[in-house]
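Chemist: What follows is a structure written as structure tokens; I'll ask about it next.
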Amino acid sequence: MSEIIKVENVTKSYIRDNFEIPVLNNLTLNVDEGEFIALMGPSGSGKTTLLNLIAGIDKPSKGKIFVNDTEVSNLSESALAKWRANNIGFVFQFYNLIPVLTAFENVELPLLLTHLSKSERKKHVDIALNVVGLGDRIDHYPKQLSGGQEQRVAIARAIVTDPLLLIADEPTGDLDKISAEEILVLLDRLNSEFKKTVLMVTHDPRAAEKAHLIRNLDKGELV
Amino acid sequence: MKILKLIFKNTLRHKLRTFLTILGIAIAVIAFGLMRTVVSAWYAGVDASAANRLITRQAVSFIFTLPYSYRDKIANVKGVKNVTYANWFSGVYIDKNQFFPRLAVDAETMFDVYPEFLLSKEELETFKKERNSCVIGADIAKQYKLKLDDIMTIEGDIYPGTWEFIVRGIYKPKFKSTDATQMLFHWKYLDETMKKVSPGRAGNIGWFMIQIKDPNRSAEISKEIDALFENSTAETKTETERAFQQGFLASTSAIITAMNFISFVIIGIIMLVLGNTMIMAARERTREYAVMKTLGFSAKHLIGLIMGESLLISVIGGGIGLFLIFPIVAGFAEVIPKGFFPIFRIVPITVILSASSAILIGVASAVFPIQRAIKTKIIDGFRFVG
């Protein structure tokens, strides 16, 4: 299996009120294509920062990051925006759906950046919503859905562009046990059935069990 | 279309806030339009001036009179086509608070020099024949419900006594900018009365209105006319009708400047109101913008979203304001005394300025929220707690 993610000697620190706060320290990580990997660790260990760097929404202070042979750490902001639209699907802890848009419109959102026609977009959105089991809730607004359903809409939004990589930051962190289980089953299915590489940050050991591989971070280093 | 739907939905997110902002913009545009209409009404006389007319008045001040005998000398100046004259009569008609210009004029020549006062041939002939007749503007006839053969009784102040005139003509304005609020009667009627009751005031006129053949020679002819009366007891000042009208306005220029200033202050205030609305909206959506950026939306998309929403609100508000300003100005025109603002209507430049202001408000109000949305990093956007 080829490596889809290569993190090479990455260091990341933030400046807050003139203080430099180190988050990641010379970290190296390789992830194979089709892998389902869970990143675990205590708060402040750098899990989300690593996820953000791989997803191209932040840049490392030092080191290089390659995703599918593209050096993400070297792309401009506008190039990164295009790259993310084409390659990454995001699932957030708090779903982050646009409240004034219906489930259909929320899932359609990333497709607005493509050249697909309206009917093609509809086809893609219908497929994505059916994959997550919400084909009958397309006209519902986020406030009309449960937390689990909102997260499933968010997953549909993440997969609608058929990305290489699914990035999930605490996807079950805001859900009850049953909904969390449904989401994990769905992520597992996307990995096994649809061959998506999944990179998931979680605090929950039971969520991490769904992954093929668990990597632990502590104080900015893989342990 | 793709982004338009989201712009529209965002605009309706806080319906009351959006409604109040639109209402504020509409009111501001109405206030702005009304102010500009007053300013343009002030300048209506200047705008209605003919290029081929000169005014000759007493050099010291407009309030001093000139000898009637100047008329023939002026008429003999090369390039002069027609000379007519007028006296400010003033007086009170029915209500002293209702003002309109009442002028003693030369019936024979007045309508030749002012062809924009449209009077039928029959009415003009009757007017010329009857010394105690008068001609009134259509607006005055409408305001006082006057018709031909009615009697107008005026209490004189500058020229004391009770003066009765028979309405023998109602002139119509040729252009929208033509003043249709004047009352014109025979100077000879006034002069004959003055000869009897106050002989020292007879034989004087207020100012001459001179029609010239070539407007390009106005400066030259003006000089020539004034040279005729140099070192006399009543020296003259001749200028174009436009300059004469502007001279009138010079004394009120501070008021006009203040009104102009206030009209733009109104626009400034409403710009801050919409700016505040847009800043609040953008602040509330900080996390959403971070999500959109994460999904691949670029700065130009965010600019489109915020600018689109701001423009949508300002254009709707401006449109409502512009739609309402016409009946409001028409209502004002009915209520205010005709004489103060003979031409009180919305001119095209007011519409253009109001519409431009609404668009400017929309654009300017979006600048800061756009800057903020673009500059905020994605990770900071996700951390933002509104």
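Chain identifiers are assigned as A, B, and so on, following the order in which chains appear in the structure tokens; residues are numbered from 1 within each chain, and ligands are numbered from 1 in order of appearance.
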Taking only C-alpha atoms into account and nothing else, which residues of chain B lie no more than 9 Å away from chain A? Please answer as a list in words.
Modeler: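 My answer is Lys2, Ile3, Leu6, Lys9, Asn10, Leu12, Arg13, Arg287, Glu288, Val291, Met292, Lys293, Thr294, Leu295, Gly296, Phe297, Ser298, Ala299, Lys377, Ile378 and Ile379 of chain B.
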Chemist: What residues in segment 2-189 of chain B get the DSSP label strand (DSSP E)? Please answer as number ranges by chain.
Modeler: B: 53-58, 66-67, 80-88, 102-105, 117-118, 133-137, 151-156, 161-173, 183-186
Chemist: Give me the residues near segment 171-179 of chain A as a list of chain:residue names, where near means some atom within 10 Å (using only C-alpha atoms) and where sequence neighbours in that chain fewer than 2 positions away do not count.
Modeler: A:Phe90, A:Val91, A:Phe92, A:Gln93, A:Phe94, A:Tyr95, A:Ser146, A:Gly147, A:Gly148, A:Gln149, A:Gln151, A:Arg152, A:Ala154, A:Ile155, A:Ile167, A:Ala168, A:Asp169, A:Glu181, A:Glu182, A:Ile183, A:Leu184, A:Val185, A:Leu187, A:Met200, A:Val201, A:Thr202, A:His203, A:Asp204, A:Ala207
Chemist: Can I get the selected residues back with C-alpha atoms, as a PDB file, in the first residue's frame?
Modeler:
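Output file out_13.pdb follows:
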ATOM      1  CA  PHE A  90     -13.840  17.487   7.035  1.00  0.00           C
ATOM      2  CA  VAL A  91     -15.922  16.247   9.934  1.00  0.00           C
ATOM      3  CA  PHE A  92     -15.945  18.537  12.977  1.00  0.00           C
ATOM      4  CA  GLN A  93     -16.895  17.900  16.578  1.00  0.00           C
ATOM      5  CA  PHE A  94     -19.681  20.495  16.512  1.00  0.00           C
ATOM      6  CA  TYR A  95     -20.883  19.590  12.973  1.00  0.00           C
ATOM      7  CA  SER A 146     -30.775  15.559  16.136  1.00  0.00           C
ATOM      8  CA  GLY A 147     -27.056  15.816  16.924  1.00  0.00           C
ATOM      9  CA  GLY A 148     -26.362  12.455  15.329  1.00  0.00           C
ATOM     10  CA  GLN A 149     -28.283  13.411  12.223  1.00  0.00           C
ATOM     11  CA  GLN A 151     -23.151  14.886  12.177  1.00  0.00           C
ATOM     12  CA  ARG A 152     -24.301  12.534   9.446  1.00  0.00           C
ATOM     13  CA  ALA A 154     -21.655  16.839   8.027  1.00  0.00           C
ATOM     14  CA  ILE A 155     -20.205  13.492   6.923  1.00  0.00           C
ATOM     15  CA  ILE A 167     -10.316  14.274   8.450  1.00  0.00           C
ATOM     16  CA  ALA A 168     -12.450  13.872  11.559  1.00  0.00           C
ATOM     17  CA  ASP A 169     -11.804  15.983  14.646  1.00  0.00           C
ATOM     18  CA  GLU A 181     -21.729   4.434  17.597  1.00  0.00           C
ATOM     19  CA  GLU A 182     -23.721   5.177  14.428  1.00  0.00           C
ATOM     20  CA  ILE A 183     -21.143   7.747  13.347  1.00  0.00           C
ATOM     21  CA  LEU A 184     -18.244   5.375  14.002  1.00  0.00           C
ATOM     22  CA  VAL A 185     -19.953   2.611  12.026  1.00  0.00           C
ATOM     23  CA  LEU A 187     -16.793   6.153   9.226  1.00  0.00           C
ATOM     24  CA  MET A 200      -9.550  10.748  13.262  1.00  0.00           C
ATOM     25  CA  VAL A 201      -8.708  12.607  16.435  1.00  0.00           C
ATOM     26  CA  THR A 202     -10.494  11.311  19.499  1.00  0.00           C
ATOM     27  CA  HIS A 203     -10.383  11.193  23.263  1.00  0.00           C
ATOM     28  CA  ASP A 204     -12.718   8.243  23.353  1.00  0.00           C
ATOM     29  CA  ALA A 207     -14.071   5.359  19.162  1.00  0.00           C
TER      30      ALA A 207
END
Chemist: I need the residues of segment 106-170 of chain A that end up classed as helix (DSSP H, G or I) by DSSP on the backbone, written out as a ChimeraX atom specification.
Modeler: /A:106-113,118-131,142-144,147-159
Chemist: Take the residues that were just selected and, keeping C-alpha atoms, output them as a PDB file, in the first residue's frame.
Modeler:
ATOM      1  CA  ASN A 106     -25.325  22.108   3.316  1.00  0.00           C
ATOM      2  CA  VAL A 107     -24.135  18.992   1.518  1.00  0.00           C
ATOM      3  CA  GLU A 108     -24.250  20.821  -1.796  1.00  0.00           C
ATOM      4  CA  LEU A 109     -22.023  23.619  -0.462  1.00  0.00           C
ATOM      5  CA  PRO A 110     -18.610  22.148  -1.462  1.00  0.00           C
ATOM      6  CA  LEU A 111     -20.016  21.290  -4.892  1.00  0.00           C
ATOM      7  CA  LEU A 112     -20.720  24.979  -5.554  1.00  0.00           C
ATOM      8  CA  LEU A 113     -16.987  25.318  -6.091  1.00  0.00           C
ATOM      9  CA  LYS A 118     -27.395  21.663 -10.993  1.00  0.00           C
ATOM     10  CA  SER A 119     -28.683  18.207 -11.894  1.00  0.00           C
ATOM     11  CA  GLU A 120     -25.225  16.678 -11.437  1.00  0.00           C
ATOM     12  CA  ARG A 121     -24.896  18.355  -8.054  1.00  0.00           C
ATOM     13  CA  LYS A 122     -28.295  17.003  -7.050  1.00  0.00           C
ATOM     14  CA  LYS A 123     -27.226  13.503  -8.024  1.00  0.00           C
ATOM     15  CA  HIS A 124     -24.073  13.726  -5.929  1.00  0.00           C
ATOM     16  CA  VAL A 125     -25.905  15.188  -2.929  1.00  0.00           C
ATOM     17  CA  ASP A 126     -28.618  12.502  -3.083  1.00  0.00           C
ATOM     18  CA  ILE A 127     -25.991   9.769  -3.158  1.00  0.00           C
ATOM     19  CA  ALA A 128     -24.065  11.270  -0.219  1.00  0.00           C
ATOM     20  CA  LEU A 129     -27.194  11.724   1.874  1.00  0.00           C
ATOM     21  CA  ASN A 130     -28.348   8.187   1.095  1.00  0.00           C
ATOM     22  CA  VAL A 131     -24.934   6.815   2.105  1.00  0.00           C
ATOM     23  CA  PRO A 142     -29.993  21.728  11.075  1.00  0.00           C
ATOM     24  CA  LYS A 143     -32.207  22.839  13.979  1.00  0.00           C
ATOM     25  CA  GLN A 144     -34.783  20.235  12.872  1.00  0.00           C
ATOM     26  CA  GLY A 147     -27.056  15.816  16.924  1.00  0.00           C
ATOM     27  CA  GLY A 148     -26.362  12.455  15.329  1.00  0.00           C
ATOM     28  CA  GLN A 149     -28.283  13.411  12.223  1.00  0.00           C
ATOM     29  CA  GLU A 150     -26.447  16.731  12.005  1.00  0.00           C
ATOM     30  CA  GLN A 151     -23.151  14.886  12.177  1.00  0.00           C
ATOM     31  CA  ARG A 152     -24.301  12.534   9.446  1.00  0.00           C
ATOM     32  CA  VAL A 153     -25.160  15.531   7.265  1.00  0.00           C
ATOM     33  CA  ALA A 154     -21.655  16.839   8.027  1.00  0.00           C
ATOM     34  CA  ILE A 155     -20.205  13.492   6.923  1.00  0.00           C
ATOM     35  CA  ALA A 156     -22.287  13.618   3.736  1.00  0.00           C
ATOM     36  CA  ARG A 157     -20.860  17.098   3.134  1.00  0.00           C
ATOM     37  CA  ALA A 158     -17.371  15.701   3.714  1.00  0.00           C
ATOM     38  CA  ILE A 159     -17.728  12.859   1.217  1.00  0.00           C
TER      39      ILE A 159
END
Chemist: Neighbours of Glu224 of chain B within 9 Å (only C-alpha atoms; same-chain residues fewer than 5 positions away dropped), as a ChimeraX atom specification?
Modeler: /B:77-78,219
Chemist: Those selected residues, please, written with C-alpha atoms and delivered as an mmCIF file, in the first residue's frame.
Modeler:
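That gives us again10.cif:
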data_model
loop_
_atom_site.group_PDB
_atom_site.id
_atom_site.type_symbol
_atom_site.label_atom_id
_atom_site.label_comp_id
_atom_site.auth_asym_id
_atom_site.auth_seq_id
_atom_site.Cartn_x
_atom_site.Cartn_y
_atom_site.Cartn_z
ATOM 1 C CA VAL B 77 -27.408 99.551 -27.584
ATOM 2 C CA LYS B 78 -26.145 97.403 -30.429
ATOM 3 C CA ALA B 219 -20.250 90.680 -21.291
#
Chemist: When distances are computed from only C-alpha atoms, which of A:Pro42, A:Glu3, A:Pro22, A:Gly34 shows the smallest separation from Phe66 of chain A?
Modeler: A:Glu3
Chemist: Got a sec: who's within 9 Å of Lys59 of chain A, counting only C-alpha atoms, leaving out chain neighbours fewer than 2 positions off, as a list in words?
Modeler: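 The residues that qualify are Lys12, Asn52, Leu53, Ile54, Gly56, Ile57, Ser61, Lys62, Val72, Ser73 and Asn74 of chain A.
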Chemist: Since we have the selection now, will you write its residues out, keeping N, CA and C atoms, as a compact mmCIF listing (two decimals), in the first residue's frame?
Modeler:
# COMPACT_ATOMS: atom_id res chain seq x y z
N LYS A 12 5.72 22.70 15.24
CA LYS A 12 4.73 23.79 15.18
C LYS A 12 4.66 24.47 16.54
N ASN A 52 -4.88 19.65 11.60
CA ASN A 52 -5.00 20.90 10.83
C ASN A 52 -3.85 21.06 9.83
N LEU A 53 -2.67 20.66 10.25
CA LEU A 53 -1.50 20.78 9.35
C LEU A 53 -1.64 19.84 8.16
N ILE A 54 -2.07 18.61 8.44
CA ILE A 54 -2.23 17.63 7.35
C ILE A 54 -3.34 18.09 6.39
N GLY A 56 -4.15 21.04 5.71
CA GLY A 56 -3.81 22.29 5.01
C GLY A 56 -4.60 23.49 5.49
N ILE A 57 -5.05 23.49 6.74
CA ILE A 57 -5.69 24.71 7.26
C ILE A 57 -4.77 25.45 8.22
N SER A 61 5.71 25.29 11.48
CA SER A 61 6.82 26.24 11.69
C SER A 61 8.07 25.71 11.01
N LYS A 62 8.24 24.39 11.07
CA LYS A 62 9.38 23.73 10.40
C LYS A 62 8.89 22.38 9.88
N VAL A 72 1.95 20.01 0.85
CA VAL A 72 0.89 20.88 1.37
C VAL A 72 1.48 22.09 2.10
N SER A 73 2.57 21.84 2.81
CA SER A 73 3.17 22.88 3.64
C SER A 73 3.77 24.01 2.80
N ASN A 74 3.81 23.81 1.50
CA ASN A 74 4.46 24.80 0.64
C ASN A 74 3.47 25.54 -0.27
Chemist: If you count only C-alpha atoms, which residues fall within 10 Å of Gly41 of chain A, apart from same-chain ones fewer than 5 positions away, as a PyMOL selection string?
Modeler: chain A and resi 46-47+201-204+215-220+222-223
Chemist: Dump N, CA and C atoms for the selected residues as a compact mmCIF listing (two decimals), in the first residue's frame?
Modeler:
# COMPACT_ATOMS: atom_id res chain seq x y z
N GLY A 46 -1.43 18.15 20.94
CA GLY A 46 -1.14 18.53 19.56
C GLY A 46 -1.89 17.73 18.51
N LYS A 47 -2.91 16.97 18.93
CA LYS A 47 -3.66 16.12 17.98
C LYS A 47 -4.34 16.96 16.89
N VAL A 201 -9.20 12.23 15.11
CA VAL A 201 -8.71 12.61 16.43
C VAL A 201 -9.81 12.27 17.42
N THR A 202 -9.47 11.63 18.49
CA THR A 202 -10.49 11.31 19.50
C THR A 202 -9.89 11.18 20.89
N HIS A 203 -10.75 11.43 21.86
CA HIS A 203 -10.38 11.19 23.26
C HIS A 203 -10.94 9.84 23.72
N ASP A 204 -11.91 9.38 22.93
CA ASP A 204 -12.72 8.24 23.35
C ASP A 204 -12.06 6.92 22.92
N ARG A 215 -2.46 5.98 17.12
CA ARG A 215 -1.19 6.63 17.43
C ARG A 215 -1.44 7.60 18.57
N ASN A 216 -0.57 7.57 19.54
CA ASN A 216 -0.73 8.43 20.72
C ASN A 216 0.24 9.60 20.66
N LEU A 217 -0.26 10.73 21.01
CA LEU A 217 0.58 11.93 21.07
C LEU A 217 0.67 12.40 22.51
N ASP A 218 1.82 12.88 22.87
CA ASP A 218 1.97 13.51 24.18
C ASP A 218 3.02 14.61 24.08
N LYS A 219 2.65 15.78 24.51
CA LYS A 219 3.54 16.95 24.47
C LYS A 219 4.19 17.15 23.10
N GLY A 220 3.38 16.96 22.07
CA GLY A 220 3.84 17.26 20.72
C GLY A 220 4.68 16.18 20.08
N LEU A 222 4.99 11.83 19.07
CA LEU A 222 4.31 10.54 18.99
C LEU A 222 4.97 9.59 19.99
N VAL A 223 4.13 8.91 20.72
CA VAL A 223 4.71 7.98 21.71
C VAL A 223 4.27 6.55 21.40
Chemist: Ile138 of chain A: which residues within 8 Å, counting only C-alpha atoms, same-chain residues fewer than 4 positions away excluded, as a list of chain:residue names?
Modeler: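 The contact residues come out as A:Thr102, A:Ala103, A:Phe104, A:Leu129, A:Leu134.
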Chemist: Could you turn the residues from that selection into a file that holds N, CA and C atoms, as a PDB file, in the first residue's frame?
Modeler:
ATOM      1  N   THR A 102     -30.609  24.061   4.229  1.00  0.00           N
ATOM      2  CA  THR A 102     -31.179  22.745   4.498  1.00  0.00           C
ATOM      3  C   THR A 102     -30.067  21.693   4.439  1.00  0.00           C
ATOM      4  N   ALA A 103     -30.420  20.467   4.827  1.00  0.00           N
ATOM      5  CA  ALA A 103     -29.439  19.373   4.766  1.00  0.00           C
ATOM      6  C   ALA A 103     -28.904  19.255   3.342  1.00  0.00           C
ATOM      7  N   PHE A 104     -29.808  19.307   2.389  1.00  0.00           N
ATOM      8  CA  PHE A 104     -29.397  19.216   0.973  1.00  0.00           C
ATOM      9  C   PHE A 104     -28.417  20.334   0.623  1.00  0.00           C
ATOM     10  N   LEU A 129     -26.213  11.777   0.780  1.00  0.00           N
ATOM     11  CA  LEU A 129     -27.194  11.724   1.874  1.00  0.00           C
ATOM     12  C   LEU A 129     -27.755  10.316   2.048  1.00  0.00           C
ATOM     13  N   LEU A 134     -29.722   9.586   5.278  1.00  0.00           N
ATOM     14  CA  LEU A 134     -30.618  10.729   5.493  1.00  0.00           C
ATOM     15  C   LEU A 134     -31.282  11.202   4.201  1.00  0.00           C
TER      16      LEU A 134
END
Chemist: Restricting the calculation to only C-alpha atoms: of A:Ile65, A:Leu29, A:Gly44, A:Phe36, which residue gets closest to Ser192 of chain A?
Modeler: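 Answer, going by the shortest atom-to-atom distance: A:Phe36.
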